[in-house]
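Since the structure comes first, as structure tokens, the remarks are kept for the end.
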Amino acid sequence: QVQLVESGGGLVQAGGSLRLSCAASGHTFTFGNRIMGWFRQAPEKEREFVAALSWSGNSRSYADSVKGRFTISRDNAKNTVYLQMDSLKPEDTAVYYCAARRGPWSMAIGPVSSYENWGQGTQVTVSS
């Protein structure tokens with residue numbers, strides 16, 4: 001059974017920063033060979049791609065809306081992926097989800113349906 005547990009969400013003023021963490025565990029789960037992603041879902045909106053990172057950490061992808069402000073990273077020794085969020089804006093307010101998938105980096109990394117495992121989410125609220 002795979003478990004992804006997010007933490008680090010909270011309330012922050014616009015322009016502030018937060019760092020989200022996602023710890024992965026499971027007897028059949030090999031963190032080191034998974035592409036890890038972050039998604040978010042605002043009220044009454046569909047879940048959307050935020051960022052993804054290859055198993056080696058050499059390849060990254062970001063949504064245009066967060067490029068230059070958010071940074072995804074991972075520590076394979078700790079089975080943990082991070083999302084550093086700087087210069088936060090009110091429109092970043094959402095529930096943020098961690099996700100994991102197998103398959104090559106060349107396979108589309110944006111669609112929700114391409115990820116096999118999901119966390120329960122952590123709320124991020126940015127006040128203006």
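By order of appearance in the structure tokens: chains A, B, ..., then residues from 1 within every chain, and ligands from 1 in the order shown.
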
Determine, counting only C-alpha atoms, which protein, DNA and RNA residues have an atom within 10 Å of an atom of stretch 16-29 of chain A; residues of the same chain fewer than 6 positions away are not included. Present the result as a PyMOL selection string. chain A and resi 1-10+36-38+69-76+78-89+96-100+117-119+121-122+124+126-127

Selection to disk with N, CA and C atoms, as a compact mmCIF listing (two decimals), in the first residue's frame:
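So the final result, stored in result.txt, reads:
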```txt
# COMPACT_ATOMS: atom_id res chain seq x y z
N GLN A 1 0.84 -1.19 0.00
CA GLN A 1 0.00 0.00 0.00
C GLN A 1 0.88 1.24 0.00
N VAL A 2 0.62 2.14 -0.93
CA VAL A 2 1.40 3.36 -1.06
C VAL A 2 0.73 4.49 -0.29
N GLN A 3 1.53 5.23 0.42
CA GLN A 3 1.00 6.37 1.16
C GLN A 3 1.84 7.60 0.87
N LEU A 4 1.17 8.67 0.48
CA LEU A 4 1.81 9.97 0.29
C LEU A 4 1.17 10.94 1.27
N VAL A 5 1.98 11.58 2.08
CA VAL A 5 1.46 12.47 3.12
C VAL A 5 2.08 13.85 2.95
N GLU A 6 1.22 14.83 2.64
CA GLU A 6 1.67 16.21 2.48
C GLU A 6 1.64 16.94 3.81
N SER A 7 2.49 17.94 3.92
CA SER A 7 2.51 18.82 5.09
C SER A 7 3.11 20.15 4.67
N GLY A 8 2.93 21.15 5.55
CA GLY A 8 3.54 22.44 5.30
C GLY A 8 2.59 23.52 4.81
N GLY A 9 1.34 23.16 4.58
CA GLY A 9 0.39 24.18 4.15
C GLY A 9 0.04 25.12 5.27
N GLY A 10 -0.67 26.19 4.93
CA GLY A 10 -1.09 27.15 5.94
C GLY A 10 -1.56 28.44 5.33
N MET A 36 7.69 12.45 -9.51
CA MET A 36 6.86 13.07 -8.48
C MET A 36 6.30 14.39 -8.98
N GLY A 37 5.04 14.61 -8.65
CA GLY A 37 4.40 15.84 -9.11
C GLY A 37 3.62 16.52 -7.99
N TRP A 38 3.38 17.80 -8.21
CA TRP A 38 2.49 18.59 -7.35
C TRP A 38 1.36 19.13 -8.21
N ARG A 69 8.68 31.20 -9.55
CA ARG A 69 8.27 31.44 -8.14
C ARG A 69 8.32 30.16 -7.31
N PHE A 70 8.03 29.02 -7.93
CA PHE A 70 8.00 27.75 -7.22
C PHE A 70 9.19 26.89 -7.65
N THR A 71 9.68 26.08 -6.72
CA THR A 71 10.78 25.17 -7.01
C THR A 71 10.47 23.80 -6.43
N ILE A 72 10.54 22.78 -7.28
CA ILE A 72 10.32 21.41 -6.83
C ILE A 72 11.68 20.74 -6.64
N SER A 73 11.78 19.94 -5.59
CA SER A 73 13.02 19.22 -5.33
C SER A 73 12.68 17.91 -4.62
N ARG A 74 13.65 17.04 -4.52
CA ARG A 74 13.40 15.75 -3.86
C ARG A 74 14.65 15.30 -3.14
N ASP A 75 14.42 14.47 -2.11
CA ASP A 75 15.49 13.82 -1.39
C ASP A 75 15.17 12.33 -1.40
N ASN A 76 15.80 11.59 -2.28
CA ASN A 76 15.48 10.17 -2.42
C ASN A 76 15.86 9.36 -1.18
N LYS A 78 15.33 10.30 1.78
CA LYS A 78 14.25 10.51 2.75
C LYS A 78 12.88 10.21 2.17
N ASN A 79 12.84 9.75 0.91
CA ASN A 79 11.55 9.47 0.25
C ASN A 79 10.62 10.67 0.33
N THR A 80 11.16 11.83 0.08
CA THR A 80 10.40 13.07 0.25
C THR A 80 10.60 14.00 -0.95
N VAL A 81 9.50 14.61 -1.35
CA VAL A 81 9.54 15.63 -2.39
C VAL A 81 9.04 16.94 -1.78
N TYR A 82 9.61 18.04 -2.24
CA TYR A 82 9.30 19.36 -1.68
C TYR A 82 8.78 20.30 -2.76
N LEU A 83 8.05 21.28 -2.32
CA LEU A 83 7.64 22.38 -3.21
C LEU A 83 7.87 23.68 -2.45
N GLN A 84 8.91 24.40 -2.84
CA GLN A 84 9.18 25.71 -2.27
C GLN A 84 8.38 26.74 -3.04
N MET A 85 7.55 27.48 -2.34
CA MET A 85 6.67 28.44 -2.99
C MET A 85 7.01 29.84 -2.48
N ASP A 86 7.50 30.68 -3.35
CA ASP A 86 7.88 32.05 -3.03
C ASP A 86 6.99 33.02 -3.79
N SER A 87 7.01 34.26 -3.34
CA SER A 87 6.21 35.32 -3.98
C SER A 87 4.78 34.86 -4.20
N LEU A 88 4.19 34.33 -3.17
CA LEU A 88 2.85 33.78 -3.28
C LEU A 88 1.82 34.87 -3.57
N LYS A 89 0.81 34.46 -4.35
CA LYS A 89 -0.27 35.35 -4.74
C LYS A 89 -1.60 34.77 -4.27
N TYR A 96 -3.23 21.65 -2.17
CA TYR A 96 -2.10 21.15 -2.94
C TYR A 96 -1.93 19.65 -2.69
N TYR A 97 -1.79 18.92 -3.78
CA TYR A 97 -1.67 17.47 -3.73
C TYR A 97 -0.33 17.01 -4.28
N CYS A 98 0.22 16.03 -3.62
CA CYS A 98 1.42 15.34 -4.09
C CYS A 98 0.97 14.11 -4.88
N ALA A 99 1.71 13.76 -5.92
CA ALA A 99 1.36 12.61 -6.73
C ALA A 99 2.61 11.90 -7.23
N ALA A 100 2.46 10.62 -7.52
CA ALA A 100 3.59 9.82 -8.00
C ALA A 100 3.17 8.95 -9.17
N ASN A 117 -0.61 7.46 -7.80
CA ASN A 117 -0.74 7.58 -6.35
C ASN A 117 -0.89 9.04 -5.96
N TRP A 118 -1.76 9.28 -4.97
CA TRP A 118 -2.07 10.64 -4.54
C TRP A 118 -2.08 10.76 -3.03
N GLY A 119 -1.68 11.95 -2.57
CA GLY A 119 -1.82 12.26 -1.16
C GLY A 119 -3.20 12.82 -0.87
N GLY A 121 -3.76 15.84 0.39
CA GLY A 121 -3.78 17.28 0.14
C GLY A 121 -3.51 18.11 1.39
N THR A 122 -3.00 19.31 1.15
CA THR A 122 -2.77 20.27 2.22
C THR A 122 -3.21 21.64 1.75
N VAL A 124 -3.42 25.54 1.21
CA VAL A 124 -2.60 26.75 1.15
C VAL A 124 -3.54 27.92 0.89
N VAL A 126 -3.56 32.13 0.62
CA VAL A 126 -2.76 33.34 0.49
C VAL A 126 -3.70 34.53 0.59
N SER A 127 -3.50 35.36 1.59
CA SER A 127 -4.35 36.52 1.79
C SER A 127 -3.75 37.75 1.09
```

List as a list of chain:residue names the protein and nucleic acid residues near A:Ser59, meaning an atom at most 12 Å away when only C-alpha atoms are counted, but skip any in the same chain fewer than 2 places from it.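 Using only C-alpha atoms, the neighbours found are A:Ile35, A:Met36, A:Gly37, A:Ala51, A:Ala52, A:Leu53, A:Ser54, A:Trp55, A:Ser56, A:Gly57, A:Ser61, A:Tyr62, A:Ile72, A:Ser73, A:Arg74, A:Pro104, A:Trp105, A:Ser106, A:Ile109.
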
Write the residues of the selection above to a file with all heavy atoms, as a compact mmCIF listing (two decimals), in the first residue's frame.
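Output (again-v6.txt):
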```txt
# COMPACT_ATOMS: atom_id res chain seq x y z
N ILE A 35 8.43 9.39 -10.90
CA ILE A 35 8.29 10.81 -11.18
C ILE A 35 7.32 11.36 -10.13
O ILE A 35 6.27 10.78 -9.89
CB ILE A 35 7.74 11.03 -12.60
CG1 ILE A 35 8.80 10.65 -13.63
CG2 ILE A 35 7.29 12.48 -12.79
CD1 ILE A 35 8.31 10.67 -15.06
N MET A 36 7.69 12.45 -9.51
CA MET A 36 6.86 13.07 -8.48
C MET A 36 6.30 14.39 -8.98
O MET A 36 6.99 15.17 -9.62
CB MET A 36 7.68 13.29 -7.21
CG MET A 36 8.24 12.01 -6.60
SD MET A 36 6.99 10.82 -6.14
CE MET A 36 6.08 11.71 -4.88
N GLY A 37 5.04 14.61 -8.65
CA GLY A 37 4.40 15.84 -9.11
C GLY A 37 3.62 16.52 -7.99
O GLY A 37 3.28 15.91 -6.98
N ALA A 51 3.82 21.27 -10.82
CA ALA A 51 5.23 21.00 -11.08
C ALA A 51 5.48 19.49 -11.05
O ALA A 51 4.72 18.75 -10.42
CB ALA A 51 6.13 21.68 -10.05
N ALA A 52 6.56 19.06 -11.71
CA ALA A 52 6.95 17.65 -11.68
C ALA A 52 8.46 17.55 -11.74
O ALA A 52 9.15 18.44 -12.24
CB ALA A 52 6.32 16.89 -12.84
N LEU A 53 8.97 16.43 -11.22
CA LEU A 53 10.40 16.22 -11.11
C LEU A 53 10.71 14.76 -11.43
O LEU A 53 10.05 13.86 -10.91
CB LEU A 53 10.87 16.57 -9.70
CG LEU A 53 12.35 16.48 -9.38
CD1 LEU A 53 13.13 17.45 -10.26
CD2 LEU A 53 12.58 16.79 -7.91
N SER A 54 11.71 14.54 -12.26
CA SER A 54 12.09 13.18 -12.61
C SER A 54 12.73 12.47 -11.43
O SER A 54 13.12 13.09 -10.43
CB SER A 54 13.07 13.21 -13.79
OG SER A 54 14.28 13.86 -13.40
N TRP A 55 12.87 11.15 -11.54
CA TRP A 55 13.41 10.37 -10.44
C TRP A 55 14.83 10.79 -10.11
O TRP A 55 15.25 10.76 -8.95
CB TRP A 55 13.37 8.86 -10.77
CG TRP A 55 14.24 8.47 -11.92
CD1 TRP A 55 13.89 8.41 -13.24
CD2 TRP A 55 15.62 8.10 -11.86
NE1 TRP A 55 14.97 8.03 -14.00
CE2 TRP A 55 16.04 7.83 -13.19
CE3 TRP A 55 16.55 7.97 -10.83
CZ2 TRP A 55 17.34 7.44 -13.48
CZ3 TRP A 55 17.84 7.57 -11.13
CH2 TRP A 55 18.22 7.31 -12.44
N SER A 56 15.60 11.20 -11.11
CA SER A 56 16.98 11.60 -10.88
C SER A 56 17.10 13.03 -10.39
O SER A 56 18.14 13.43 -9.87
CB SER A 56 17.77 11.46 -12.18
OG SER A 56 17.29 12.40 -13.14
N GLY A 57 16.04 13.80 -10.58
CA GLY A 57 16.09 15.21 -10.22
C GLY A 57 16.67 16.09 -11.32
O GLY A 57 16.78 17.29 -11.15
N SER A 61 9.58 20.30 -14.59
CA SER A 61 8.59 21.00 -15.40
C SER A 61 7.68 21.78 -14.47
O SER A 61 7.36 21.31 -13.37
CB SER A 61 7.78 20.01 -16.24
OG SER A 61 6.83 20.68 -17.03
N TYR A 62 7.29 22.99 -14.92
CA TYR A 62 6.43 23.85 -14.11
C TYR A 62 5.29 24.38 -14.97
O TYR A 62 5.45 24.63 -16.16
CB TYR A 62 7.21 25.04 -13.56
CG TYR A 62 8.32 24.68 -12.61
CD1 TYR A 62 9.63 24.54 -13.05
CD2 TYR A 62 8.06 24.50 -11.25
CE1 TYR A 62 10.65 24.21 -12.17
CE2 TYR A 62 9.08 24.17 -10.36
CZ TYR A 62 10.38 24.03 -10.83
OH TYR A 62 11.38 23.71 -9.96
N ILE A 72 10.54 22.78 -7.28
CA ILE A 72 10.32 21.41 -6.83
C ILE A 72 11.68 20.74 -6.64
O ILE A 72 12.61 20.95 -7.43
CB ILE A 72 9.45 20.62 -7.83
CG1 ILE A 72 9.07 19.25 -7.27
CG2 ILE A 72 10.11 20.52 -9.19
CD1 ILE A 72 8.04 18.51 -8.11
N SER A 73 11.78 19.94 -5.59
CA SER A 73 13.02 19.22 -5.33
C SER A 73 12.68 17.91 -4.62
O SER A 73 11.53 17.71 -4.19
CB SER A 73 13.98 20.06 -4.47
OG SER A 73 13.39 20.35 -3.21
N ARG A 74 13.65 17.04 -4.52
CA ARG A 74 13.40 15.75 -3.86
C ARG A 74 14.65 15.30 -3.14
O ARG A 74 15.78 15.63 -3.51
CB ARG A 74 12.95 14.71 -4.88
CG ARG A 74 13.99 14.31 -5.89
CD ARG A 74 13.36 13.47 -7.02
NE ARG A 74 12.87 12.18 -6.54
CZ ARG A 74 12.00 11.43 -7.21
NH1 ARG A 74 11.51 11.86 -8.37
NH2 ARG A 74 11.63 10.26 -6.73
N PRO A 104 8.33 6.79 -18.29
CA PRO A 104 9.39 7.71 -18.68
C PRO A 104 8.98 9.18 -18.59
O PRO A 104 7.79 9.51 -18.65
CB PRO A 104 9.66 7.32 -20.13
CG PRO A 104 8.35 6.79 -20.61
CD PRO A 104 7.74 6.08 -19.43
N TRP A 105 9.98 10.04 -18.46
CA TRP A 105 9.73 11.48 -18.42
C TRP A 105 9.07 11.94 -19.72
O TRP A 105 8.31 12.90 -19.73
CB TRP A 105 11.05 12.20 -18.20
CG TRP A 105 10.92 13.69 -18.07
CD1 TRP A 105 11.22 14.63 -19.01
CD2 TRP A 105 10.42 14.40 -16.93
NE1 TRP A 105 10.95 15.89 -18.52
CE2 TRP A 105 10.47 15.78 -17.26
CE3 TRP A 105 9.94 14.01 -15.68
CZ2 TRP A 105 10.06 16.77 -16.36
CZ3 TRP A 105 9.54 15.00 -14.79
CH2 TRP A 105 9.60 16.36 -15.13
N SER A 106 9.36 11.24 -20.81
CA SER A 106 8.83 11.64 -22.11
C SER A 106 7.31 11.48 -22.20
O SER A 106 6.66 12.09 -23.04
CB SER A 106 9.49 10.82 -23.22
OG SER A 106 9.29 9.43 -22.99
N ILE A 109 3.44 14.56 -18.49
CA ILE A 109 3.49 14.65 -17.04
C ILE A 109 2.44 15.57 -16.46
O ILE A 109 2.30 15.66 -15.25
CB ILE A 109 4.88 15.14 -16.58
CG1 ILE A 109 5.21 16.48 -17.23
CG2 ILE A 109 5.95 14.11 -16.88
CD1 ILE A 109 6.45 17.12 -16.69
```

DSSP on the backbone, then: every residue of chain A marked strand (DSSP E), written as a VMD selection string. chain A and resid 3 to 7 10 to 13 18 to 25 35 to 41 48 to 53 60 to 62 70 to 75 80 to 85 94 to 101 117 to 118 122 to 127

Could you name the residues that touch A:Arg47 at 10 Å or less, counting only C-alpha atoms, but leaving out those on the same chain fewer than 5 positions away, as an MDAnalysis selection string? chainID A and resid 39:42 94:97 111:112
